[in-house]
file my_file.cif (mmCIF, C-alpha atoms and all ligand atoms)
data_work
#
loop_
_atom_site.label_atom_id
_atom_site.label_comp_id
_atom_site.auth_asym_id
_atom_site.auth_seq_id
_atom_site.Cartn_x
_atom_site.Cartn_y
_atom_site.Cartn_z
CA MET R 27 182.33 -96.52 -126.33
CA LYS R 28 185.44 -94.37 -126.02
CA PRO R 29 186.57 -92.12 -123.18
CA VAL R 30 186.36 -88.36 -123.24
CA HIS R 31 189.84 -86.87 -123.09
CA ILE R 32 190.30 -83.81 -120.86
CA PRO R 33 193.57 -81.85 -121.20
CA VAL R 34 195.55 -82.17 -117.98
CA GLU R 35 196.77 -78.58 -118.25
CA ARG R 36 193.33 -77.42 -117.10
CA TYR R 37 194.36 -78.50 -113.61
CA LEU R 38 197.92 -77.19 -113.68
CA SER R 39 198.15 -74.15 -115.91
CA ASP R 40 198.35 -70.65 -114.45
CA GLU R 41 197.06 -69.33 -117.76
CA PHE R 42 193.94 -71.52 -117.58
CA ALA R 43 193.33 -70.46 -113.98
CA ALA R 44 193.65 -66.83 -115.03
CA ARG R 45 190.99 -67.37 -117.69
CA GLU R 46 188.68 -68.87 -115.08
CA GLN R 47 189.34 -65.92 -112.80
CA ALA R 48 188.67 -63.33 -115.46
CA GLN R 49 185.95 -64.97 -117.54
CA MET R 50 184.07 -67.33 -115.28
CA TRP R 51 184.01 -66.48 -111.57
CA PRO R 52 182.74 -62.90 -112.10
CA LYS R 53 179.98 -64.10 -114.43
CA VAL R 54 178.28 -67.09 -112.84
CA TRP R 55 175.83 -67.65 -110.03
CA GLN R 56 177.75 -69.21 -107.18
CA LEU R 57 176.96 -70.39 -103.69
CA ALA R 58 178.04 -67.72 -101.20
CA CYS R 59 176.72 -68.73 -97.77
CA SER R 60 173.59 -69.90 -96.01
CA VAL R 61 170.51 -67.88 -95.15
CA ASP R 62 171.31 -68.60 -91.52
CA HIS R 63 174.62 -66.72 -91.84
CA VAL R 64 172.75 -63.55 -92.77
CA ALA R 65 169.39 -63.95 -91.10
CA GLU R 66 169.25 -60.76 -89.04
CA PRO R 67 169.59 -57.06 -89.99
CA GLY R 68 173.26 -56.18 -89.73
CA ASP R 69 174.52 -59.69 -90.49
CA TRP R 70 177.20 -59.96 -93.14
CA TYR R 71 179.21 -62.68 -94.86
CA GLU R 72 182.24 -62.23 -97.10
CA HIS R 73 182.31 -64.71 -99.98
CA VAL R 74 185.83 -65.07 -101.39
CA VAL R 75 186.60 -66.87 -104.63
CA GLY R 76 190.12 -66.37 -105.93
CA ASN R 77 190.78 -62.63 -105.89
CA LEU R 78 187.08 -61.77 -105.88
CA SER R 79 185.28 -60.78 -102.70
CA VAL R 80 181.54 -60.30 -102.38
CA LEU R 81 179.75 -59.00 -99.30
CA VAL R 82 176.33 -60.43 -98.52
CA VAL R 83 174.51 -58.08 -96.15
CA ARG R 84 171.09 -58.15 -94.46
CA GLY R 85 169.84 -54.57 -94.41
CA ASP R 86 167.94 -52.69 -91.74
CA ASP R 87 164.84 -53.25 -93.84
CA GLY R 88 165.34 -57.03 -93.80
CA GLU R 89 166.38 -57.14 -97.45
CA LEU R 90 169.30 -59.31 -98.49
CA ARG R 91 171.81 -57.47 -100.67
CA ALA R 92 175.23 -58.18 -102.09
CA PHE R 93 178.05 -55.81 -103.01
CA GLN R 94 181.50 -56.04 -104.44
CA ASN R 95 183.77 -55.74 -101.43
CA VAL R 96 185.59 -52.61 -102.53
CA CYS R 97 185.72 -49.05 -101.27
CA ARG R 98 184.89 -46.36 -103.83
CA HIS R 99 187.75 -44.20 -102.50
CA ARG R 100 191.00 -46.06 -103.17
CA GLY R 101 189.79 -49.61 -103.44
CA SER R 102 190.34 -51.12 -100.04
CA SER R 103 188.30 -54.12 -98.98
CA ILE R 104 185.64 -53.04 -96.54
CA CYS R 105 184.77 -56.13 -94.51
CA THR R 106 186.35 -59.51 -93.93
CA GLY R 107 184.92 -62.72 -92.53
CA SER R 108 181.36 -62.75 -91.28
CA GLY R 109 179.38 -61.58 -88.31
CA GLY R 110 176.47 -59.52 -87.13
CA GLY R 111 175.48 -56.23 -85.62
CA LEU R 112 176.60 -53.95 -88.43
CA ALA R 113 174.91 -50.55 -88.48
CA GLU R 114 176.91 -49.35 -91.49
CA LEU R 115 179.66 -50.41 -93.86
CA ARG R 116 182.77 -48.42 -92.96
CA CYS R 117 186.02 -48.69 -94.85
CA PRO R 118 188.78 -49.19 -92.29
CA TYR R 119 191.36 -47.25 -94.36
CA HIS R 120 190.04 -43.66 -94.33
CA GLY R 121 186.52 -44.10 -93.05
CA TRP R 122 184.24 -43.67 -96.04
CA THR R 123 180.94 -45.13 -94.88
CA TRP R 124 177.86 -46.62 -96.55
CA ASP R 125 174.40 -47.54 -95.30
CA LEU R 126 173.65 -51.25 -95.31
CA ASP R 127 171.74 -50.73 -98.56
CA GLY R 128 174.98 -49.59 -100.24
CA ARG R 129 174.25 -45.84 -100.34
CA LEU R 130 177.17 -43.59 -99.46
CA ARG R 131 176.57 -41.96 -96.10
CA GLU R 132 179.74 -40.31 -94.88
CA VAL R 133 183.07 -39.09 -96.26
CA PRO R 134 185.58 -37.61 -93.81
CA SER R 135 186.58 -34.13 -95.05
CA ARG R 136 184.01 -34.50 -97.80
CA ARG R 137 184.58 -30.95 -99.12
CA VAL R 138 188.05 -31.92 -100.49
CA PHE R 139 186.51 -34.66 -102.62
CA GLY R 140 183.28 -33.30 -104.03
CA VAL R 141 181.57 -36.70 -104.15
CA ASP R 142 177.82 -37.05 -103.83
CA ASN R 143 176.05 -39.89 -102.10
CA GLU R 144 174.01 -40.91 -105.13
CA SER R 145 176.99 -41.46 -107.44
CA TYR R 146 179.26 -43.32 -105.05
CA GLY R 147 177.20 -46.23 -103.85
CA LEU R 148 178.79 -49.64 -103.44
CA PHE R 149 178.88 -51.75 -106.59
CA PRO R 150 175.92 -54.15 -106.32
CA ALA R 151 175.92 -57.83 -107.10
CA ARG R 152 172.87 -59.99 -107.59
CA VAL R 153 171.77 -62.16 -104.70
CA ASP R 154 169.03 -64.75 -104.34
CA THR R 155 168.26 -67.88 -102.36
CA TRP R 156 167.35 -71.49 -102.92
CA GLY R 157 166.17 -73.17 -99.74
CA PRO R 158 168.80 -72.45 -97.07
CA LEU R 159 171.47 -71.47 -99.62
CA VAL R 160 172.42 -67.93 -100.72
CA PHE R 161 173.81 -67.41 -104.19
CA VAL R 162 175.48 -64.35 -105.67
CA ASP R 163 176.39 -63.27 -109.18
CA LEU R 164 178.69 -60.32 -109.84
CA ALA R 165 177.21 -59.97 -113.30
CA LEU R 166 174.08 -57.85 -113.22
CA ASP R 167 172.63 -59.30 -116.39
CA GLY R 168 172.02 -62.88 -117.47
CA PRO R 169 169.55 -65.45 -116.17
CA SER R 170 167.92 -65.15 -112.78
CA LEU R 171 168.94 -67.70 -110.15
CA ALA R 172 165.68 -69.58 -110.70
CA GLU R 173 166.34 -69.69 -114.44
CA PHE R 174 169.93 -70.77 -113.88
CA LEU R 175 169.08 -73.56 -111.41
CA ALA R 176 166.12 -74.97 -113.37
CA PRO R 177 165.03 -77.72 -113.26
CA VAL R 178 166.90 -78.69 -110.10
CA PRO R 179 164.58 -77.03 -107.53
CA ASP R 180 161.52 -78.59 -109.12
CA ASP R 181 163.21 -81.98 -109.24
CA CYS R 182 163.62 -82.03 -105.45
CA ALA R 183 160.53 -80.00 -104.54
CA TRP R 184 159.29 -83.04 -102.59
CA ALA R 185 162.12 -82.46 -100.07
CA HIS R 186 160.93 -78.89 -99.21
CA LEU R 187 164.39 -77.33 -98.92
CA ASP R 188 162.88 -74.23 -97.29
CA GLU R 189 162.44 -76.34 -94.15
CA PHE R 190 166.20 -76.81 -93.81
CA ARG R 191 168.53 -74.61 -91.84
CA CYS R 192 172.31 -74.52 -91.91
CA THR R 193 173.78 -75.61 -88.60
CA ALA R 194 177.49 -75.71 -89.43
CA GLN R 195 179.99 -74.83 -92.10
CA ALA R 196 183.39 -76.50 -92.20
CA THR R 197 186.28 -75.44 -94.40
CA VAL R 198 189.25 -77.63 -95.30
CA LYS R 199 192.34 -76.50 -97.20
CA ALA R 200 193.06 -79.03 -99.91
CA ARG R 201 196.24 -79.58 -101.90
CA CYS R 202 194.58 -79.94 -105.26
CA ASN R 203 192.97 -77.89 -107.97
CA TRP R 204 189.38 -76.80 -107.26
CA LYS R 205 188.19 -78.94 -110.19
CA THR R 206 189.99 -82.03 -108.86
CA LEU R 207 188.13 -81.42 -105.61
CA ILE R 208 184.62 -80.97 -106.96
CA GLU R 209 185.07 -83.79 -109.47
CA GLY R 210 185.45 -86.07 -106.44
CA PHE R 211 181.81 -85.16 -105.75
CA SER R 212 180.70 -85.59 -109.35
CA GLU R 213 180.86 -89.37 -109.76
CA THR R 214 180.46 -92.48 -107.63
CA TYR R 215 182.84 -94.62 -109.66
CA HIS R 216 185.34 -94.06 -106.84
CA VAL R 217 183.14 -95.72 -104.20
CA GLN R 218 184.68 -99.13 -104.97
CA GLY R 219 188.10 -97.49 -104.75
CA ILE R 220 188.13 -95.42 -101.58
CA HIS R 221 184.74 -95.97 -99.89
CA ARG R 222 184.62 -99.77 -99.80
CA GLU R 223 182.67 -99.67 -96.53
CA MET R 224 179.73 -98.45 -98.59
CA LEU R 225 179.59 -101.48 -100.86
CA THR R 226 177.38 -103.46 -98.48
CA MET R 227 174.86 -100.62 -98.07
CA ALA R 228 174.81 -98.53 -101.27
CA ASP R 229 174.15 -99.15 -104.93
CA ASP R 230 177.08 -97.36 -106.53
CA VAL R 231 176.44 -98.78 -110.01
CA ARG R 232 172.80 -98.51 -111.04
CA GLY R 233 171.94 -95.03 -109.79
CA PRO R 234 170.42 -93.05 -112.68
CA GLN R 235 172.20 -89.89 -113.78
CA GLU R 236 170.82 -86.88 -115.63
CA ILE R 237 172.40 -83.92 -117.34
CA TRP R 238 170.48 -80.66 -117.73
CA GLY R 239 172.62 -78.08 -119.47
CA TRP R 240 174.64 -76.49 -116.67
CA HIS R 241 173.82 -79.06 -114.04
CA GLY R 242 173.66 -82.80 -113.40
CA LYS R 243 172.16 -85.29 -110.99
CA LEU R 244 172.76 -88.72 -109.52
CA GLN R 245 170.15 -90.70 -107.63
CA GLN R 246 171.86 -93.17 -105.27
CA SER R 247 170.08 -95.83 -103.26
CA TYR R 248 170.96 -96.98 -99.74
CA GLY R 249 169.99 -99.95 -97.62
CA LEU R 250 170.98 -102.51 -100.22
CA ALA R 251 174.27 -103.93 -101.47
CA SER R 252 176.30 -102.85 -104.45
CA PRO R 253 176.12 -105.16 -107.48
CA ARG R 254 179.91 -105.26 -107.18
CA VAL R 255 179.72 -107.54 -104.14
CA ARG R 256 178.01 -110.91 -103.89
CA ASP R 257 176.23 -112.89 -101.22
CA VAL R 258 175.76 -109.93 -98.91
CA SER R 259 173.49 -110.85 -96.01
CA ASP R 260 170.82 -108.62 -94.51
CA ALA R 261 172.98 -108.37 -91.40
CA GLN R 262 175.87 -107.05 -93.49
CA VAL R 263 173.62 -104.48 -95.16
CA TRP R 264 172.47 -103.35 -91.72
CA ALA R 265 176.02 -103.22 -90.33
CA GLY R 266 177.21 -101.25 -93.36
CA PHE R 267 174.38 -98.75 -92.99
CA ILE R 268 175.16 -98.28 -89.29
CA GLU R 269 178.85 -97.73 -90.02
CA VAL R 270 178.31 -95.16 -92.75
CA MET R 271 175.12 -93.33 -91.75
CA GLY R 272 173.71 -94.89 -88.59
CA THR R 273 172.96 -91.50 -87.10
CA ARG R 274 170.13 -91.16 -89.60
CA ILE R 275 168.27 -93.83 -87.64
CA GLY R 276 169.51 -92.72 -84.22
CA ILE R 277 172.45 -95.12 -83.90
CA PRO R 278 175.91 -93.55 -83.52
CA THR R 279 178.19 -94.65 -86.36
CA GLU R 280 180.84 -95.97 -83.98
CA THR R 281 178.36 -98.44 -82.44
CA SER R 282 179.59 -102.03 -82.65
CA PRO R 283 177.40 -104.55 -84.50
CA ALA R 284 176.98 -106.43 -81.23
CA ASP R 285 175.36 -103.38 -79.66
CA ALA R 286 173.10 -102.76 -82.65
CA PRO R 287 172.12 -106.19 -83.96
CA ALA R 288 170.30 -106.39 -87.26
CA PRO R 289 166.51 -106.39 -86.90
CA ALA R 290 164.45 -109.21 -88.31
CA VAL R 291 163.12 -108.70 -91.82
CA PRO R 292 159.40 -109.56 -91.87
CA GLN R 293 157.88 -111.69 -94.60
CA GLY R 294 157.45 -109.60 -97.74
CA ALA R 295 159.79 -106.86 -96.53
CA THR R 296 163.44 -106.18 -97.28
CA MET R 297 166.25 -104.88 -95.13
CA ARG R 298 165.97 -101.65 -97.16
CA SER R 299 162.31 -101.23 -96.24
CA VAL R 300 163.08 -102.10 -92.60
CA ILE R 301 165.77 -99.39 -92.49
CA ALA R 302 163.43 -96.92 -94.19
CA ASP R 303 160.81 -97.58 -91.48
CA ARG R 304 163.48 -97.11 -88.81
CA LEU R 305 164.31 -93.74 -90.33
CA ARG R 306 160.63 -92.73 -90.42
CA ASN R 307 160.27 -93.73 -86.77
CA HIS R 308 163.43 -91.91 -85.73
CA ALA R 309 162.36 -88.81 -87.64
CA SER R 310 158.97 -88.83 -85.94
CA THR R 311 160.69 -88.61 -82.54
CA VAL R 312 162.15 -85.27 -83.53
CA GLY R 313 159.02 -83.86 -85.10
CA HIS R 314 159.20 -84.94 -88.74
CA ASP R 315 156.47 -86.81 -90.57
CA TYR R 316 157.86 -88.82 -93.49
CA SER R 317 154.83 -91.09 -93.79
CA ALA R 318 154.01 -89.68 -97.23
CA LEU R 319 157.49 -90.37 -98.60
CA ASP R 320 158.29 -93.65 -100.30
CA ASP R 321 161.32 -95.69 -99.26
CA GLY R 322 163.45 -94.14 -101.96
CA GLN R 323 162.64 -90.59 -100.87
CA VAL R 324 163.22 -91.51 -97.22
CA LEU R 325 166.56 -93.23 -97.68
CA ASP R 326 168.21 -92.22 -100.91
CA MET R 327 170.39 -89.34 -102.01
CA SER R 328 169.78 -86.93 -104.83
CA GLN R 329 173.14 -85.43 -105.67
CA TYR R 330 172.95 -82.25 -107.74
CA ASN R 331 176.07 -80.91 -109.37
CA LEU R 332 175.62 -77.20 -109.94
CA PHE R 333 177.99 -75.50 -112.34
CA PRO R 334 180.68 -74.67 -111.63
CA ASN R 335 181.73 -75.72 -108.17
CA VAL R 336 178.96 -77.06 -105.96
CA SER R 337 177.52 -80.48 -105.19
CA VAL R 338 174.26 -80.41 -103.22
CA LEU R 339 173.33 -83.67 -101.51
CA VAL R 340 169.60 -83.86 -100.78
CA PHE R 341 168.23 -86.48 -98.37
CA SER R 342 164.90 -86.58 -96.59
CA ASP R 343 166.55 -85.67 -93.29
CA MET R 344 169.62 -83.68 -94.28
CA VAL R 345 171.05 -81.46 -96.97
CA ALA R 346 174.74 -80.85 -97.46
CA ALA R 347 176.35 -78.53 -99.98
CA VAL R 348 179.98 -79.16 -100.86
CA ARG R 349 181.72 -76.22 -102.52
CA ALA R 350 185.17 -76.02 -104.08
CA ARG R 351 186.97 -72.68 -104.31
CA PRO R 352 190.32 -71.99 -105.92
CA GLY R 353 193.25 -71.45 -103.59
CA SER R 354 196.32 -69.28 -104.04
CA ASN R 355 197.66 -71.41 -106.90
CA THR R 356 196.43 -74.13 -109.24
CA GLY R 357 197.39 -76.84 -106.76
CA THR R 358 195.39 -75.58 -103.79
CA ALA R 359 191.71 -75.19 -103.08
CA TYR R 360 189.20 -74.82 -100.30
CA MET R 361 186.47 -77.33 -99.60
CA ASP R 362 183.50 -75.81 -97.77
CA ILE R 363 180.73 -78.01 -96.43
CA PHE R 364 177.41 -76.48 -95.48
CA ASN R 365 175.51 -78.87 -93.24
CA CYS R 366 171.76 -78.32 -93.12
CA GLU R 367 169.09 -80.00 -91.03
CA ARG R 368 165.34 -80.01 -91.40
CA ILE R 369 163.60 -78.16 -88.64
CA PRO R 370 160.52 -79.79 -87.13
CA GLN R 371 157.20 -78.75 -88.62
CA ARG R 372 156.05 -77.22 -85.36
CA ASP R 373 159.08 -74.90 -85.45
CA ALA R 374 158.72 -74.13 -89.15
CA ALA R 375 155.15 -73.01 -88.53
CA ASN R 376 156.18 -70.73 -85.69
CA PRO R 377 157.61 -67.42 -86.93
CA ALA R 378 159.07 -66.84 -83.48
CA THR R 379 161.52 -69.70 -84.01
CA ALA R 380 164.71 -67.76 -84.53
CA ARG R 381 167.45 -68.87 -86.84
CA THR R 382 170.78 -69.41 -85.17
CA ARG R 383 174.16 -68.60 -86.64
CA PRO R 384 175.88 -71.73 -88.00
CA LEU R 385 179.00 -72.99 -86.30
CA ASP R 386 181.82 -72.09 -88.72
CA VAL R 387 185.09 -73.97 -88.39
CA GLU R 388 188.27 -74.26 -90.43
CA LEU R 389 189.65 -77.68 -89.83
CA PRO R 390 193.42 -77.91 -89.35
CA PRO R 391 195.31 -80.54 -91.35
CA GLY R 392 194.77 -83.98 -89.89
CA ALA R 393 191.38 -83.14 -88.39
CA GLU R 394 189.37 -84.43 -91.35
CA SER R 395 188.00 -87.31 -89.29
CA TYR R 396 185.56 -84.80 -87.80
CA LEU R 397 183.86 -84.81 -91.18
CA GLY R 398 182.88 -88.46 -90.81
CA LEU R 399 184.11 -91.58 -92.53
CA VAL R 400 183.19 -90.92 -96.15
CA LEU R 401 184.12 -87.23 -96.35
CA SER R 402 187.44 -87.82 -94.58
CA GLN R 403 188.24 -90.49 -97.15
CA ASP R 404 187.44 -88.00 -99.92
CA VAL R 405 189.74 -85.40 -98.36
CA GLY R 406 192.50 -87.99 -98.03
CA ASN R 407 192.35 -88.58 -101.77
CA PHE R 408 192.72 -84.97 -103.00
CA GLU R 409 196.50 -84.56 -102.80
CA ARG R 410 197.17 -87.96 -104.36
CA ALA R 411 194.77 -87.20 -107.22
CA GLN R 412 196.48 -83.88 -107.92
CA ARG R 413 200.12 -84.97 -107.60
CA GLY R 414 199.77 -87.55 -110.34
CA LEU R 415 198.62 -84.88 -112.78
CA HIS R 416 202.13 -83.39 -112.86
CA GLN R 417 203.75 -86.48 -114.37
CA PRO R 418 205.00 -85.78 -117.89
CA GLY R 419 203.49 -88.93 -119.40
CA LEU R 420 199.95 -87.74 -118.74
CA GLU R 421 198.58 -85.34 -121.34
CA TYR R 422 194.89 -85.91 -120.79
CA LEU R 423 192.47 -87.62 -118.42
CA SER R 424 190.37 -90.43 -119.88
CA VAL R 425 186.86 -90.07 -118.51
CA SER R 426 183.77 -92.17 -119.14
CA PRO R 427 181.14 -90.22 -121.12
CA THR R 428 178.39 -91.98 -119.13
CA GLU R 429 179.66 -93.14 -115.72
CA GLU R 430 181.54 -89.87 -115.26
CA CYS R 431 179.13 -87.71 -117.22
CA ARG R 432 179.00 -84.99 -114.56
CA VAL R 433 182.77 -84.54 -114.80
CA VAL R 434 182.42 -84.25 -118.56
CA ASN R 435 179.61 -81.73 -118.13
CA LEU R 436 181.78 -79.50 -115.92
CA HIS R 437 184.40 -79.31 -118.65
CA ARG R 438 181.84 -78.88 -121.42
CA ASN R 439 180.40 -75.90 -119.55
CA LEU R 440 183.85 -74.54 -118.76
CA GLU R 441 184.40 -74.42 -122.49
CA ARG R 442 181.09 -72.57 -122.91
CA VAL R 443 181.98 -69.80 -120.44
CA LEU R 444 185.63 -69.56 -121.45
CA GLY R 445 184.82 -69.53 -125.17
CA ILE R 446 186.94 -72.55 -126.03
CA THR R 447 186.05 -73.47 -129.58
CA PRO R 448 186.43 -75.89 -131.11
CA SER R 449 186.09 -78.18 -128.13
CA GLU R 450 189.26 -79.68 -126.75
CA LEU R 451 187.27 -82.64 -125.43
CA THR R 452 187.31 -85.71 -127.61
CA GLY R 453 184.42 -88.16 -127.61
CA LEU R 454 181.72 -85.67 -126.63
CA ASP R 455 179.33 -87.16 -129.18
CA GLN R 456 178.76 -90.21 -127.00
CA PHE R 457 178.10 -88.02 -123.97
CA VAL R 458 175.58 -85.93 -125.88
CA ALA R 459 173.86 -89.01 -127.27
CA ALA R 460 173.50 -90.54 -123.80
CA PHE R 461 171.75 -87.53 -122.22
CA PRO R 462 168.76 -86.16 -124.15
CA ASN R 463 168.39 -83.09 -121.91
CA VAL R 464 172.01 -82.04 -122.23
CA SER R 465 171.14 -78.73 -123.86
CA GLY R 466 168.43 -77.92 -121.31
FE1 LIG A 1 188.42 -46.71 -98.28
FE2 LIG A 1 190.10 -44.76 -98.35
S1 LIG A 1 190.29 -46.69 -99.33
S2 LIG A 1 188.26 -44.84 -97.28
#
call {"tool": "encode", "arguments": {"input": "my_file.cif", "output": "C-alpha cells"}}
result
Amino acid sequence: MKPVHIPVERYLSDEFAAREQAQMWPKVWQLACSVDHVAEPGDWYEHVVGNLSVLVVRGDDGELRAFQNVCRHRGSSICTGSGGGLAELRCPYHGWTWDLDGRLREVPSRRVFGVDNESYGLFPARVDTWGPLVFVDLALDGPSLAEFLAPVPDDCAWAHLDEFRCTAQATVKARCNWKTLIEGFSETYHVQGIHREMLTMADDVRGPQEIWGWHGKLQQSYGLASPRVRDVSDAQVWAGFIEVMGTRIGIPTETSPADAPAPAVPQGATMRSVIADRLRNHASTVGHDYSALDDGQVLDMSQYNLFPNVSVLVFSDMVAAVRARPGSNTGTAYMDIFNCERIPQRDAANPATARTRPLDVELPPGAESYLGLVLSQDVGNFERAQRGLHQPGLEYLSVSPTEECRVVNLHRNLERVLGITPSELTGLDQFVAAFPNVSG
C-alpha cells in the first residue's frame, strides 16, 4: 500500500481558495443553521461562507425560505446575524423592502425607478432540512438535498434525527485552513496522538469506514479499550468513559474515580454492556426509551462526513454537527458546533412543546475548554497543523488511502467540483479498490 499524495498548496494558495469560492461554495448543499434558529415566523439566520451570504427566513405562512443576502437596488446586504420578529426584509441603505417570501413590497420614491414588484424579488436559494439541520444551496438546479445526502439519512434512520433539537451553537476562530479543520474530524488516526485519554474507552482502530460518493462514515465503539493499549482493566475502561463522556450516564466528567467507582461486571456481561445499561437507565430518567437499541446503537458514534465541510456525529442521546467555514485568508477558518439533544417522547408527541432558540456563542481565544476535553484538544491542534504546511520541504501530504479515506474523499470530490483533471492525487487506485460504494 502507498499513501495518497495531496498537494500542500491546496491549503495555502490564494488561487486555490478563489477557485473554491467561485466554483464550489455557490454550487453545493451546505449546512446553514438549525431548525431551532428559524422555528417561528419572522425568524432569520444569516449563513456566511467566505464572501457569500445567505438569509434563511421563516415566512408568515410558516414556510422556510432562503435568499441571497443582497438588495436589488445597489447590492447592499440586507440582514446580518440572526434573530426573530421580522415582519419584512428592509434594506438599511435606502429602504427598499420585501415581504418575508421575497416579493418586493416597497420602494421609497418608487416613481423615479419604475420597478415592479414581480420583477424585483429577492434572489432565491434552495433550502431543505435533515432532522434538526437546515441546508441551503445557492444553485437552483442539481440534486435535491435528499438525493445529495443519500444514503446517510437512511443509514442512521434508527436514531430518529427528527427528535433532536439544537440547544446551542458555538463558534471558534481557528488559525488554519478550513480543510485542515474539517480533516481533523475526518479520521481517528489522531486519537493516539492528541486524545490519549480515549485509549482506555474507545476503539480507535477497528471502527469500520464507508465511502459513498460525496460522503463518508466511521462507526466508532465506546466502552472498551483501544487495541493500541494492553492489559486495560474494567476499572480503567470505566474511568476513561467517565473522563471523556461521563455526562452520558449522568456522571459529570470532572468526577474523581473515587467518587464514581467502577460497577461490578456480572457473569456473562462486559464493562461495555454495563455502561450501555447505565446509559439506558439514565436516558429513561429523562423520558427516553432505548430498550429497543442494541449496545452498539446505545453507546457508539456514527460519524458522517458530508461534503464539503461538515462532520455530523450521531449518538443515541446526542447529535453534534461540526462545520468548517473559510476565514478571511487561507490560514483562518471558523469552526461552528451545533449541539443537539433528543427531546423526550412525551414532548415530541405534544405539538404545544415550543422550540427554543439555541444559545449562540462565539468563544474568545483561550476559552476552548468550554467545549469539553476532546474538542478543546482538537482546537489546540489546528494552528500547529497549519503552520507546518508552510515549510518549503513539504510539497504534499502523505495520507493513508484506507485509514484516512475520508480525507482522501474530500480531495477527490474537491477535484470533481473544481474540474481538476487529471487528478493531482497519486495512489487513488488503492482508495477506490478499498471502497466498493465510492461512486455512489
Ligand atoms: Fe438597498 Fe439601496 S442598496 S435600498
call {"tool": "atom_distance", "arguments": {"input": "my_file.cif", "atom1": "CA of Asp163 (chain R)", "atom2": "CA of Lys243 (chain R)"}}
result
22.5 Å
call {"tool": "residues_near_ligand", "arguments": {"input": "my_file.cif", "ligand": "ligand LIG 1 (chain A)", "cutoff": "8 Å", "atoms": "all atoms listed in the file", "output": "PDB file with C-alpha atoms, in the coordinates of the input"}}
result
ATOM      1  CA  VAL R  96     185.590 -52.610-102.530  1.00  0.00           C
ATOM      2  CA  CYS R  97     185.720 -49.050-101.270  1.00  0.00           C
ATOM      3  CA  ARG R  98     184.890 -46.360-103.830  1.00  0.00           C
ATOM      4  CA  HIS R  99     187.750 -44.200-102.500  1.00  0.00           C
ATOM      5  CA  ARG R 100     191.000 -46.060-103.170  1.00  0.00           C
ATOM      6  CA  GLY R 101     189.790 -49.610-103.440  1.00  0.00           C
ATOM      7  CA  SER R 102     190.340 -51.120-100.040  1.00  0.00           C
ATOM      8  CA  SER R 103     188.300 -54.120 -98.980  1.00  0.00           C
ATOM      9  CA  ILE R 104     185.640 -53.040 -96.540  1.00  0.00           C
ATOM     10  CA  ARG R 116     182.770 -48.420 -92.960  1.00  0.00           C
ATOM     11  CA  CYS R 117     186.020 -48.690 -94.850  1.00  0.00           C
ATOM     12  CA  PRO R 118     188.780 -49.190 -92.290  1.00  0.00           C
ATOM     13  CA  TYR R 119     191.360 -47.250 -94.360  1.00  0.00           C
ATOM     14  CA  HIS R 120     190.040 -43.660 -94.330  1.00  0.00           C
ATOM     15  CA  GLY R 121     186.520 -44.100 -93.050  1.00  0.00           C
ATOM     16  CA  TRP R 122     184.240 -43.670 -96.040  1.00  0.00           C
ATOM     17  CA  THR R 123     180.940 -45.130 -94.880  1.00  0.00           C
ATOM     18  CA  VAL R 133     183.070 -39.090 -96.260  1.00  0.00           C
TER      19      VAL R 133
END
call {"tool": "closest_atom_pairs", "arguments": {"input": "my_file.cif", "of": "region 331-382 of chain R", "to": "region 397-409 of chain R", "cutoff": "12 Å", "atoms": "only C-alpha atoms", "output": "JSON lines"}}
result
{"residue": "R:Ala346", "atom": "CA", "partner": "R:Leu401", "partner_atom": "CA", "distance": 11.4}
{"residue": "R:Val348", "atom": "CA", "partner": "R:Leu401", "partner_atom": "CA", "distance": 10.1}
{"residue": "R:Ala350", "atom": "CA", "partner": "R:Phe408", "partner_atom": "CA", "distance": 11.8}
{"residue": "R:Gly357", "atom": "CA", "partner": "R:Glu409", "partner_atom": "CA", "distance": 8.7}
{"residue": "R:Thr358", "atom": "CA", "partner": "R:Glu409", "partner_atom": "CA", "distance": 9.1}
{"residue": "R:Ala359", "atom": "CA", "partner": "R:Phe408", "partner_atom": "CA", "distance": 9.8}
{"residue": "R:Tyr360", "atom": "CA", "partner": "R:Val405", "partner_atom": "CA", "distance": 10.8}
{"residue": "R:Met361", "atom": "CA", "partner": "R:Val405", "partner_atom": "CA", "distance": 8.8}
{"residue": "R:Asp362", "atom": "CA", "partner": "R:Leu397", "partner_atom": "CA", "distance": 11.2}
{"residue": "R:Ile363", "atom": "CA", "partner": "R:Leu397", "partner_atom": "CA", "distance": 9.1}
{"residue": "R:Phe364", "atom": "CA", "partner": "R:Leu397", "partner_atom": "CA", "distance": 11.4}
{"residue": "R:Asn365", "atom": "CA", "partner": "R:Leu397", "partner_atom": "CA", "distance": 10.5}
call {"tool": "closest_residue", "arguments": {"input": "my_file.cif", "among": "R:Leu126, R:Ala460, R:Ile301, R:Ala380", "to": "Ala65 (chain R)", "atoms": "all atoms listed in the file"}}
result
R:Ala380
call {"tool": "closest_atom_pairs", "arguments": {"input": "my_file.cif", "of": "region 112-137 of chain R", "to": "region 66-72 of chain R", "cutoff": "8 Å", "atoms": "only C-alpha atoms", "output": "CSV"}}
result
residue,atom,partner,partner_atom,distance
R:Leu112,CA,R:Gly68,CA,4.2
R:Ala113,CA,R:Gly68,CA,6.0
R:Glu114,CA,R:Gly68,CA,7.9
R:Leu126,CA,R:Gly68,CA,7.5
call {"tool": "atom_distance", "arguments": {"input": "my_file.cif", "atom1": "CA of Phe149 (chain R)", "atom2": "CA of Gln94 (chain R)"}}
result
5.5 Å
call {"tool": "residues_around", "arguments": {"input": "my_file.cif", "residues": "Ser465 (chain R)", "least_positions_apart": "4", "cutoff": "9 Å", "atoms": "all atoms listed in the file", "output": "ChimeraX atom specification"}}
result
/R:237-240,458,461
call {"tool": "residues_near_point", "arguments": {"input": "my_file.cif", "point": "(170.7, -67.6, -88.8)", "cutoff": "10 Å", "atoms": "only C-alpha atoms", "output": "ChimeraX atom specification"}}
result
/R:60-66,69,158,191-193,380-384
call {"tool": "closest_residue", "arguments": {"input": "my_file.cif", "among": "R:Leu130, R:Met327, R:Ala302, R:Ala58", "to": "Gly147 (chain R)", "atoms": "all atoms listed in the file"}}
result
R:Leu130
call {"tool": "closest_residue", "arguments": {"input": "my_file.cif", "among": "R:Thr296, R:Ser170, R:Gln56, R:Gln262", "to": "Pro283 (chain R)", "atoms": "only C-alpha atoms"}}
result
R:Gln262
call {"tool": "atom_distance", "arguments": {"input": "my_file.cif", "atom1": "CA of Gly453 (chain R)", "atom2": "CA of Pro427 (chain R)"}}
result
7.6 Å
